[in-house]
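Visitor: Contents of upload_13.cif (mmCIF, C-alpha atoms and all ligand atoms) are given next:
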data_data
#
loop_
_atom_site.label_atom_id
_atom_site.label_comp_id
_atom_site.auth_asym_id
_atom_site.auth_seq_id
_atom_site.Cartn_x
_atom_site.Cartn_y
_atom_site.Cartn_z
CA MET A 4 -63.50 -107.21 31.01
CA ASN A 5 -66.16 -108.52 28.71
CA LEU A 6 -68.35 -106.28 26.57
CA ALA A 7 -71.25 -106.24 29.04
CA ASP A 8 -68.95 -105.17 31.88
CA LEU A 9 -67.44 -102.47 29.69
CA GLU A 10 -70.88 -101.14 28.85
CA TYR A 11 -71.88 -101.09 32.52
CA ALA A 12 -68.67 -99.31 33.54
CA PHE A 13 -69.02 -96.75 30.74
CA ASN A 14 -72.63 -95.96 31.68
CA SER A 15 -71.80 -95.40 35.31
CA GLU A 16 -68.75 -93.22 34.57
CA LEU A 17 -70.80 -91.19 32.11
CA GLN A 18 -73.19 -90.21 34.94
CA ALA A 19 -70.29 -88.55 36.77
CA VAL A 20 -68.93 -86.51 33.81
CA LYS A 21 -69.06 -82.75 34.50
CA ASN A 22 -67.87 -81.04 31.33
CA ALA A 23 -66.98 -81.52 27.66
CA ASP A 24 -63.28 -82.10 28.36
CA GLU A 25 -64.01 -84.93 30.76
CA LEU A 26 -66.50 -86.35 28.28
CA ALA A 27 -63.97 -86.30 25.43
CA ARG A 28 -61.43 -88.10 27.62
CA LEU A 29 -64.00 -90.70 28.72
CA LYS A 30 -65.09 -91.43 25.17
CA SER A 31 -61.55 -91.80 23.94
CA ARG A 32 -60.61 -94.07 26.87
CA TYR A 33 -63.57 -96.41 26.28
CA LEU A 34 -63.01 -96.57 22.52
CA THR A 35 -59.45 -97.64 23.34
CA ASN A 36 -60.74 -100.14 25.92
CA ILE A 37 -63.07 -101.83 23.47
CA ALA A 38 -60.35 -101.90 20.80
CA ASP A 39 -58.10 -103.64 23.36
CA ALA A 40 -60.91 -106.06 24.22
CA ARG A 41 -61.12 -107.05 20.58
CA LYS A 42 -57.37 -107.51 20.30
CA ALA A 43 -57.43 -109.77 23.35
CA ILE A 44 -59.73 -112.30 21.65
CA ASP A 45 -58.15 -115.22 19.80
CA PHE A 46 -60.60 -115.45 16.90
CA SER A 47 -59.04 -118.68 15.61
CA LYS A 48 -60.46 -120.44 18.67
CA LEU A 49 -64.04 -119.18 18.12
CA GLY A 50 -66.70 -120.91 16.08
CA ALA A 51 -68.55 -119.03 13.33
CA ASP A 52 -71.56 -118.24 15.54
CA ASP A 53 -69.43 -116.94 18.41
CA LYS A 54 -67.43 -114.81 16.01
CA ARG A 55 -70.63 -113.31 14.63
CA ALA A 56 -72.06 -112.74 18.13
CA PHE A 57 -68.89 -111.03 19.33
CA GLY A 58 -68.73 -108.85 16.17
CA SER A 59 -72.28 -107.58 16.45
CA GLY A 60 -71.98 -107.06 20.24
CA TRP A 61 -68.75 -105.14 19.72
CA ASN A 62 -70.24 -102.91 17.00
CA ALA A 63 -73.33 -102.26 19.12
CA LEU A 64 -71.18 -101.22 22.10
CA LYS A 65 -69.03 -98.92 19.96
CA LYS A 66 -72.18 -97.26 18.62
CA HIS A 67 -73.59 -97.04 22.17
CA ILE A 68 -70.45 -95.21 23.39
CA GLU A 69 -70.49 -92.82 20.44
CA ASP A 70 -74.23 -92.10 20.66
CA LYS A 71 -74.21 -91.55 24.41
CA ALA A 72 -71.14 -89.32 24.17
CA LYS A 73 -72.83 -87.28 21.44
CA GLU A 74 -76.01 -86.95 23.50
CA ALA A 75 -74.01 -85.84 26.53
CA ALA A 76 -71.95 -83.38 24.43
CA GLU A 77 -75.14 -81.58 23.51
CA ARG A 78 -75.83 -81.09 27.19
CA PHE A 79 -72.44 -79.38 27.53
CA GLY A 80 -73.20 -77.02 24.67
CA GLY A 81 -71.90 -79.16 21.83
CA ALA A 82 -68.36 -77.91 21.56
CA ARG A 83 -65.51 -78.43 23.98
CA SER A 84 -65.92 -76.03 26.84
CA VAL A 85 -63.73 -72.92 26.94
CA PRO A 86 -62.30 -72.11 30.38
CA GLN A 87 -63.92 -69.01 31.87
CA ASP A 88 -60.64 -67.09 32.08
CA PHE A 89 -59.70 -67.68 28.43
CA ASP A 90 -60.32 -64.61 26.24
CA LEU A 91 -60.75 -65.75 22.64
CA THR A 92 -60.46 -62.19 21.35
CA LEU A 93 -56.88 -61.68 22.59
CA PRO A 94 -54.11 -62.00 19.95
CA GLY A 95 -52.05 -65.19 20.14
CA LEU A 96 -48.87 -65.26 22.16
CA GLY A 97 -47.08 -65.02 18.84
CA ARG A 98 -44.07 -67.08 19.81
CA ASN A 99 -44.08 -68.90 16.51
CA ALA A 100 -46.37 -66.63 14.57
CA GLY A 101 -43.61 -65.58 12.17
CA ALA A 102 -43.09 -62.13 10.73
CA ILE A 103 -42.42 -60.43 7.46
CA HIS A 104 -38.81 -60.90 6.37
CA PRO A 105 -36.84 -57.63 6.67
CA ILE A 106 -36.00 -57.63 2.95
CA ILE A 107 -39.67 -57.99 2.03
CA SER A 108 -40.79 -55.35 4.54
CA THR A 109 -38.21 -53.02 2.97
CA GLN A 110 -39.56 -53.92 -0.47
CA LEU A 111 -43.15 -53.19 0.59
CA GLU A 112 -42.10 -49.86 2.06
CA VAL A 113 -40.24 -48.88 -1.12
CA GLU A 114 -43.24 -49.96 -3.23
CA ASP A 115 -45.46 -47.61 -1.22
CA ILE A 116 -43.07 -44.71 -1.71
CA PHE A 117 -43.04 -45.29 -5.47
CA ARG A 118 -46.80 -45.71 -5.63
CA SER A 119 -47.12 -42.28 -4.03
CA MET A 120 -45.09 -40.95 -6.98
CA GLY A 121 -47.40 -42.61 -9.53
CA PHE A 122 -45.32 -45.74 -10.25
CA GLN A 123 -46.97 -49.13 -10.71
CA VAL A 124 -45.49 -52.41 -9.45
CA TYR A 125 -44.79 -54.89 -12.24
CA LEU A 126 -43.60 -58.43 -11.48
CA GLY A 127 -41.64 -60.73 -13.74
CA ASP A 128 -40.00 -64.14 -13.91
CA GLU A 129 -36.82 -65.34 -12.25
CA ALA A 130 -35.86 -67.58 -15.18
CA VAL A 131 -35.67 -65.42 -18.30
CA SER A 132 -34.41 -65.55 -21.87
CA GLU A 133 -30.84 -64.63 -22.72
CA PHE A 134 -32.31 -61.84 -24.85
CA ASP A 135 -34.24 -60.25 -21.97
CA ASN A 136 -31.34 -60.48 -19.52
CA PHE A 137 -28.60 -59.29 -21.89
CA ASP A 138 -29.33 -58.39 -25.53
CA ALA A 139 -32.41 -56.26 -24.76
CA VAL A 140 -30.30 -54.09 -22.46
CA ASN A 141 -27.54 -53.59 -24.97
CA ILE A 142 -25.25 -56.42 -23.84
CA PRO A 143 -24.66 -58.55 -26.98
CA PRO A 144 -22.90 -61.95 -26.66
CA ASP A 145 -19.37 -60.63 -27.20
CA HIS A 146 -19.76 -57.57 -24.93
CA PRO A 147 -17.31 -57.53 -21.98
CA ALA A 148 -20.15 -56.42 -19.67
CA ARG A 149 -21.46 -59.99 -19.76
CA ASP A 150 -18.47 -61.02 -17.69
CA MET A 151 -19.44 -58.56 -14.95
CA GLN A 152 -22.39 -60.75 -13.99
CA ASP A 153 -21.44 -64.40 -13.41
CA THR A 154 -24.47 -66.17 -14.72
CA PHE A 155 -26.35 -69.34 -13.82
CA TRP A 156 -27.33 -70.83 -17.18
CA LEU A 157 -30.15 -73.35 -17.38
CA GLU A 158 -29.99 -76.41 -19.62
CA ASN A 159 -32.73 -75.02 -21.85
CA GLY A 160 -30.66 -71.92 -22.65
CA MET A 161 -32.52 -69.62 -20.26
CA VAL A 162 -30.79 -67.84 -17.38
CA LEU A 163 -31.59 -67.10 -13.75
CA ARG A 164 -31.86 -63.35 -14.08
CA THR A 165 -28.69 -61.62 -12.99
CA HIS A 166 -30.51 -58.31 -12.58
CA THR A 167 -34.04 -56.93 -12.68
CA SER A 168 -33.05 -54.98 -15.80
CA SER A 169 -34.22 -58.19 -17.51
CA MET A 170 -37.72 -56.72 -17.09
CA GLN A 171 -37.05 -53.48 -18.95
CA ASN A 172 -37.89 -54.70 -22.45
CA ARG A 173 -41.08 -56.50 -21.42
CA ALA A 174 -42.26 -53.52 -19.39
CA MET A 175 -41.86 -51.15 -22.33
CA ARG A 176 -43.64 -53.56 -24.67
CA GLU A 177 -46.43 -54.52 -22.29
CA LEU A 178 -47.06 -51.21 -20.53
CA GLY A 179 -46.19 -48.75 -23.32
CA THR A 180 -45.52 -45.04 -22.85
CA PRO A 181 -45.62 -42.93 -20.78
CA LEU A 182 -44.24 -45.40 -18.28
CA ARG A 183 -43.67 -45.29 -14.53
CA ALA A 184 -43.03 -48.73 -13.13
CA ILE A 185 -40.90 -50.61 -10.61
CA PHE A 186 -39.96 -54.30 -10.78
CA PRO A 187 -38.84 -55.85 -7.48
CA GLY A 188 -37.49 -59.38 -7.26
CA ARG A 189 -34.77 -61.91 -6.66
CA CYS A 190 -31.61 -62.02 -8.76
CA PHE A 191 -28.91 -64.67 -8.95
CA ARG A 192 -25.19 -64.51 -9.65
CA ASN A 193 -22.58 -67.20 -9.42
CA GLU A 194 -20.18 -65.13 -7.38
CA ALA A 195 -17.95 -65.41 -4.35
CA THR A 196 -19.90 -64.14 -1.38
CA ASP A 197 -18.77 -61.61 1.22
CA MET A 198 -20.30 -59.08 3.63
CA THR A 199 -21.98 -57.17 0.81
CA HIS A 200 -22.40 -59.89 -1.86
CA GLU A 201 -24.72 -62.89 -1.94
CA ASN A 202 -25.40 -65.31 -4.80
CA THR A 203 -29.15 -64.71 -4.30
CA PHE A 204 -30.22 -61.15 -3.59
CA TYR A 205 -33.04 -58.72 -4.24
CA GLN A 206 -33.06 -55.77 -6.59
CA LEU A 207 -35.77 -53.28 -7.33
CA GLU A 208 -35.61 -51.83 -10.79
CA GLY A 209 -37.45 -48.71 -11.84
CA MET A 210 -38.18 -46.97 -15.13
CA MET A 211 -39.73 -43.63 -15.87
CA ILE A 212 -40.31 -42.70 -19.52
CA ASP A 213 -42.13 -39.57 -20.59
CA ARG A 214 -41.62 -36.47 -22.71
CA GLY A 215 -38.68 -34.35 -21.57
CA ILE A 216 -37.43 -36.52 -18.67
CA THR A 217 -33.91 -35.50 -17.58
CA VAL A 218 -31.28 -36.32 -14.97
CA ALA A 219 -32.99 -33.75 -12.71
CA ASN A 220 -36.07 -36.01 -12.53
CA LEU A 221 -33.86 -38.97 -11.77
CA ILE A 222 -32.16 -37.18 -8.88
CA ALA A 223 -35.46 -35.90 -7.49
CA VAL A 224 -36.92 -39.42 -7.42
CA MET A 225 -33.78 -40.91 -5.81
CA LYS A 226 -33.85 -38.25 -3.09
CA GLU A 227 -37.54 -38.74 -2.40
CA LEU A 228 -36.96 -42.47 -2.06
CA LEU A 229 -33.98 -42.32 0.30
CA GLN A 230 -35.34 -39.54 2.48
CA ASN A 231 -38.52 -41.52 2.98
CA VAL A 232 -36.79 -44.81 3.71
CA PHE A 233 -34.37 -43.29 6.22
CA ARG A 234 -36.77 -40.56 7.37
CA ARG A 235 -33.83 -38.13 7.26
CA ARG A 236 -32.74 -35.51 4.78
CA ILE A 237 -29.67 -36.37 2.70
CA GLY A 238 -26.69 -34.57 4.20
CA GLU A 239 -28.16 -34.77 7.72
CA GLU A 240 -27.05 -38.06 9.31
CA ILE A 241 -27.35 -39.96 6.03
CA GLU A 242 -24.88 -39.37 3.25
CA GLY A 243 -25.25 -40.28 -0.38
CA ARG A 244 -23.16 -39.55 -3.44
CA LEU A 245 -23.72 -39.78 -7.15
CA ARG A 246 -20.71 -40.57 -9.32
CA PRO A 247 -20.29 -41.58 -12.94
CA GLY A 248 -20.82 -45.28 -13.63
CA PHE A 249 -20.83 -47.44 -16.74
CA PHE A 250 -23.68 -49.68 -17.85
CA PRO A 251 -24.28 -50.36 -21.56
CA PHE A 252 -28.00 -49.68 -21.16
CA VAL A 253 -27.77 -46.12 -19.82
CA GLU A 254 -26.09 -42.97 -21.08
CA PRO A 255 -25.06 -41.09 -19.02
CA GLY A 256 -24.77 -43.65 -16.21
CA PHE A 257 -24.27 -43.12 -12.48
CA GLU A 258 -23.61 -45.01 -9.30
CA LEU A 259 -25.46 -43.90 -6.20
CA ASP A 260 -23.58 -44.88 -3.04
CA MET A 261 -24.48 -44.50 0.62
CA LYS A 262 -22.11 -44.10 3.51
CA THR A 263 -22.27 -46.64 6.28
CA VAL A 264 -20.14 -48.18 9.02
CA LEU A 265 -19.37 -51.87 8.61
CA LYS A 266 -17.45 -53.71 11.35
CA GLY A 267 -16.26 -50.37 12.76
CA GLN A 268 -15.06 -48.99 9.43
CA ALA A 269 -16.75 -46.15 7.53
CA ARG A 270 -17.43 -47.27 3.94
CA TRP A 271 -19.25 -46.12 0.85
CA ILE A 272 -21.47 -48.88 -0.39
CA GLU A 273 -22.87 -49.16 -3.90
CA LEU A 274 -26.60 -49.06 -3.60
CA MET A 275 -28.32 -47.94 -6.74
CA PRO A 276 -26.80 -47.62 -10.20
CA CYS A 277 -28.92 -45.54 -12.52
CA GLY A 278 -28.91 -43.38 -15.63
CA MET A 279 -30.76 -42.14 -18.67
CA ILE A 280 -32.07 -45.07 -20.74
CA HIS A 281 -29.92 -45.68 -23.82
CA PRO A 282 -31.76 -44.86 -27.10
CA GLN A 283 -31.00 -48.36 -28.40
CA VAL A 284 -32.75 -49.91 -25.36
CA LEU A 285 -35.78 -47.69 -25.97
CA LYS A 286 -35.86 -48.75 -29.62
CA LEU A 287 -35.65 -52.46 -28.74
CA GLY A 288 -38.65 -51.88 -26.44
CA GLY A 289 -40.66 -50.28 -29.23
CA VAL A 290 -40.25 -46.73 -27.86
CA ASP A 291 -39.24 -43.91 -30.20
CA PRO A 292 -36.18 -42.14 -28.69
CA GLU A 293 -36.92 -39.03 -30.74
CA LYS A 294 -40.14 -38.53 -28.80
CA TRP A 295 -39.47 -40.06 -25.39
CA THR A 296 -36.68 -39.99 -22.84
CA GLY A 297 -36.44 -41.74 -19.52
CA PHE A 298 -34.33 -42.96 -16.66
CA ALA A 299 -33.81 -46.38 -15.11
CA PHE A 300 -32.24 -47.52 -11.86
CA GLY A 301 -31.41 -50.84 -10.23
CA LEU A 302 -31.72 -50.50 -6.47
CA GLY A 303 -29.91 -53.17 -4.44
CA LEU A 304 -32.83 -53.99 -2.17
CA THR A 305 -30.91 -56.42 0.03
CA ARG A 306 -28.26 -53.76 0.55
CA LEU A 307 -30.92 -51.17 1.35
CA ALA A 308 -32.39 -53.50 4.00
CA MET A 309 -28.86 -53.94 5.34
CA LEU A 310 -28.37 -50.17 5.65
CA LYS A 311 -31.84 -49.58 7.04
CA TYR A 312 -31.50 -52.14 9.83
CA GLY A 313 -27.76 -51.69 10.43
CA ILE A 314 -26.95 -55.30 9.44
CA GLN A 315 -23.22 -55.88 9.22
CA ASP A 316 -23.22 -58.84 6.86
CA LEU A 317 -25.98 -59.37 4.29
CA ARG A 318 -25.44 -63.12 4.20
CA LEU A 319 -27.35 -63.21 7.52
CA PHE A 320 -30.57 -62.45 5.62
CA ASN A 321 -30.57 -65.82 3.84
CA LYS A 322 -29.18 -68.03 6.60
CA GLY A 323 -32.42 -68.92 8.33
CA ASP A 324 -30.76 -68.44 11.73
CA LEU A 325 -33.61 -67.93 14.21
CA ARG A 326 -31.45 -65.77 16.50
CA PHE A 327 -31.24 -63.29 13.61
CA ASN A 328 -34.76 -63.68 12.24
CA GLU A 329 -36.45 -63.32 15.62
CA GLN A 330 -35.15 -59.76 15.91
CA PHE A 331 -37.56 -58.72 13.16
CA LYS A 332 -40.89 -59.68 14.75
CA ALA A 333 -42.59 -56.33 14.55
CA THR A 334 -41.81 -55.13 11.07
CA LEU A 335 -44.23 -53.05 8.99
C1 LIG A 401 -27.03 -53.88 -12.22
O1 LIG A 401 -27.46 -54.99 -11.89
C2 LIG A 401 -27.77 -53.03 -13.18
N1 LIG A 401 -28.78 -53.80 -13.84
C3 LIG A 401 -28.35 -51.82 -12.46
C4 LIG A 401 -28.89 -50.74 -13.33
C5 LIG A 401 -30.23 -50.70 -13.64
C6 LIG A 401 -28.06 -49.73 -13.81
C7 LIG A 401 -30.74 -49.69 -14.44
C8 LIG A 401 -28.56 -48.72 -14.57
C9 LIG A 401 -29.90 -48.69 -14.89
P1 LIG A 401 -25.09 -53.93 -10.48
O2 LIG A 401 -24.48 -55.20 -10.92
O3 LIG A 401 -24.15 -52.90 -10.00
O4 LIG A 401 -25.99 -53.27 -11.63
O5 LIG A 401 -26.13 -54.21 -9.33
C10 LIG A 401 -27.00 -53.21 -8.87
C11 LIG A 401 -27.07 -53.21 -7.36
O6 LIG A 401 -27.52 -54.49 -6.93
C12 LIG A 401 -25.72 -53.01 -6.66
O7 LIG A 401 -25.42 -51.65 -6.48
C13 LIG A 401 -25.96 -53.68 -5.33
O8 LIG A 401 -26.65 -52.80 -4.46
C14 LIG A 401 -26.87 -54.83 -5.72
N2 LIG A 401 -26.08 -56.05 -5.92
C15 LIG A 401 -25.38 -56.42 -7.02
N3 LIG A 401 -24.77 -57.60 -6.83
C16 LIG A 401 -25.12 -58.00 -5.58
C17 LIG A 401 -24.82 -59.15 -4.78
N4 LIG A 401 -24.09 -60.14 -5.24
N5 LIG A 401 -25.35 -59.22 -3.53
C18 LIG A 401 -26.13 -58.23 -3.07
N6 LIG A 401 -26.46 -57.13 -3.76
C19 LIG A 401 -25.95 -57.01 -5.00
#
What is this structure when it is put down as structure tokens?
Ligand code: FA5
Guide:
Amino acid sequence: MNLADLEYAFNSELQAVKNADELARLKSRYLTNIADARKAIDFSKLGADDKRAFGSGWNALKKHIEDKAKEAAERFGGARSVPQDFDLTLPGLGRNAGAIHPIISTQLEVEDIFRSMGFQVYLGDEAVSEFDNFDAVNIPPDHPARDMQDTFWLENGMVLRTHTSSMQNRAMRELGTPLRAIFPGRCFRNEATDMTHENTFYQLEGMMIDRGITVANLIAVMKELLQNVFRRRIGEEIEGRLRPGFFPFVEPGFELDMKTVLKGQARWIELMPCGMIHPQVLKLGGVDPEKWTGFAFGLGLTRLAMLKYGIQDLRLFNKGDLRFNEQFKATL
């Protein structure tokens, strides 16, 4: 078809168009048609005048199609028409809408519980100095406790934090006393993985420093947290236990475990080590241990999410397997 025929055909089809969808299809078809018409011409066989004549005719027709389509679109209300039975105010079908990851929804829930007890949320870095990760929490280079946390070292001498305790020193320096703060985030250890260990996992650290803080405050806060997360009282359906534990940055130190059933077997699982902050750690943070006392804890957030949702193997959280992830559509 030559350009004149295309213009005639377009004009007559345009008369018959009934809505914006048909118009959009017509416009797109004719823009394709004229592009094809141009491709079909062998320009090497045309003289300069013919080339010029074809070029200006082609541009004029393209403009004609666009202008007429625009004019007609205004008749149909400008935008593409919306079918009568389509309710724009309904939520989407949500098939691929995504959802909050169960670890993060657990984190947000725990943050709310701590906020209700007057704690602020304080975020830090994942790559930290050796000092912040180890020395500031009483683990000098030759201390055997360094071997407990297989560390990813960076070429510049920094480390991927092995625990959120790496935030303790900065929090004391930046927030001062009295202090009530939690620091959630990802931690990294170069360790062999199993049902309860990942190389990348979440912790949520907390510190409370004030005058006269004791282990009784620590236990009260732990109880408040767990009873709110599980919406049960400890001793009724959920069981926890506090036993002595060693960490160079607390004295005395404890391990808080929770009972759970994994692959049919009842097990105690280590959830939240804690203790009274060591005077040396307070001093390194610029806090006078004669005046202030406090407690700290390092909640295993990935493990808490595991217990909360009854997940048997925490490696599932990081796998990106849709069959697992899609079970957590309606969290929060
Ligand atoms: C620590 O990381 C200490 N910084 C905790 C602490 C803070 C003690 C403040 C005292 C005062 P630990 O290595 O045990 O401790 O880890 C704490 C918790 O993190 C564990 O109980 C567990 O719940 C979780 N956790 C540790 N390693 C892993 C891992 N590889 N995968 C998943 N969760 C882990």
Visitor: Which is closer to Gln171 in chain A than all the others in A:Asp138, A:Glu158, A:Glu16, A:Asp145, using all atoms listed in the file?
Guide: A:Asp138
Visitor: How would you write, as a PyMOL selection string, the set of residues no farther than 8 Å from ligand LIG 401 (chain A) when counting only C-alpha atoms and all ligand atoms?
Guide: chain A and resi 151-152+165-169+191-192+194+196+199-206+208-210+250+252-253+256-260+272-280+298-307+317
Visitor: Between A:Ile314, A:Leu29, A:Asn136, A:Val264, which has the minimum distance to Ile241 in chain A (counting only C-alpha atoms)?
Guide: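 Of all the options, A:Val264 lies closest to Ile241 in chain A.
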Visitor: In Å, how far is it from CA of Leu245 in chain A to CA of Lys226 in chain A?
Guide: 11.0 Å
Visitor: Find, counting only C-alpha atoms, the residue in A:Ile222, A:Ile107, A:Ile142, A:Phe233 that gets nearest to Pro187 in chain A.
Guide: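 Closest candidate: A:Ile107.
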Visitor: Between CA of Glu25 in chain A and CA of Lys66 in chain A, what is the distance, to one decimal in Å?
Guide: 19.1 Å
Visitor: With distances taken over all atoms listed in the file, which of A:Gly60, A:Pro105, A:Gly160, A:Gly127 is nearest to Leu319 in chain A?
Guide: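 Closest to Leu319 in chain A of all the choices is A:Pro105.
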Visitor: Measuring atom to atom with only C-alpha atoms, identify which of A:Ala27, A:Thr296, A:Val232, A:Leu287 is nearest to Ile216 in chain A.
Guide: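 Checking each candidate against Ile216 in chain A, we get A:Thr296 as the closest.
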Visitor: Would you work out the distance separating CA of Arg189 in chain A from CA of Arg270 in chain A, expressed in Å to one decimal?
Guide: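 We find that CA of Arg189 in chain A and CA of Arg270 in chain A lie 25.0 Å from each other.
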Visitor: At a cut-off of 12 Å around the point (-28.0, -69.0, -19.7) (file coordinates), what residues fall inside when counting only C-alpha atoms? I'd like the answer as an MDAnalysis selection string.
Guide: chainID A and resid 130:137 144 149 152:165 191:193
Visitor: Fewer than 5 positions away in the same chain doesn't count, so skip those; otherwise give me all residues within 10 Å of Glu114 in chain A, counting all atoms listed in the file, as a CSV table (one decimal) with C-alpha atoms, in the coordinates of the input.
Guide:
chain,number,residue,atom,x,y,z
A,108,SER,CA,-40.8,-55.4,4.5
A,109,THR,CA,-38.2,-53.0,3.0
A,119,SER,CA,-47.1,-42.3,-4.0
A,120,MET,CA,-45.1,-41.0,-7.0
A,122,PHE,CA,-45.3,-45.7,-10.2
A,123,GLN,CA,-47.0,-49.1,-10.7
A,124,VAL,CA,-45.5,-52.4,-9.4
A,184,ALA,CA,-43.0,-48.7,-13.1
A,185,ILE,CA,-40.9,-50.6,-10.6
A,186,PHE,CA,-40.0,-54.3,-10.8
A,187,PRO,CA,-38.8,-55.8,-7.5
A,207,LEU,CA,-35.8,-53.3,-7.3
A,228,LEU,CA,-37.0,-42.5,-2.1
Visitor: Identify the residues within 10 Å of coordinate (-36.9, -67.9, 14.1) (same frame as the file), considering all atoms listed in the file, and give the answer as a list of chain:residue names.
Guide: A:Arg98, A:Asn99, A:Ala100, A:Gly101, A:Ala102, A:Gly323, A:Asp324, A:Leu325, A:Arg326, A:Phe327, A:Asn328, A:Glu329, A:Gln330, A:Phe331, A:Lys332
Visitor: For a quick check of understanding, using all atoms listed in the file, which of A:Pro94, A:Gly288, A:Asn231, A:Pro181 has the smallest distance to Lys311 in chain A?
Guide: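 With all atoms listed in the file as the atom set, the closest residue is A:Asn231.
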Visitor: Contacts of Gly313 in chain A at 9 Å or less, counting only C-alpha atoms, minus same-chain residues fewer than 2 places along, as number ranges by chain?
Guide: A: 263-265, 308-311, 315
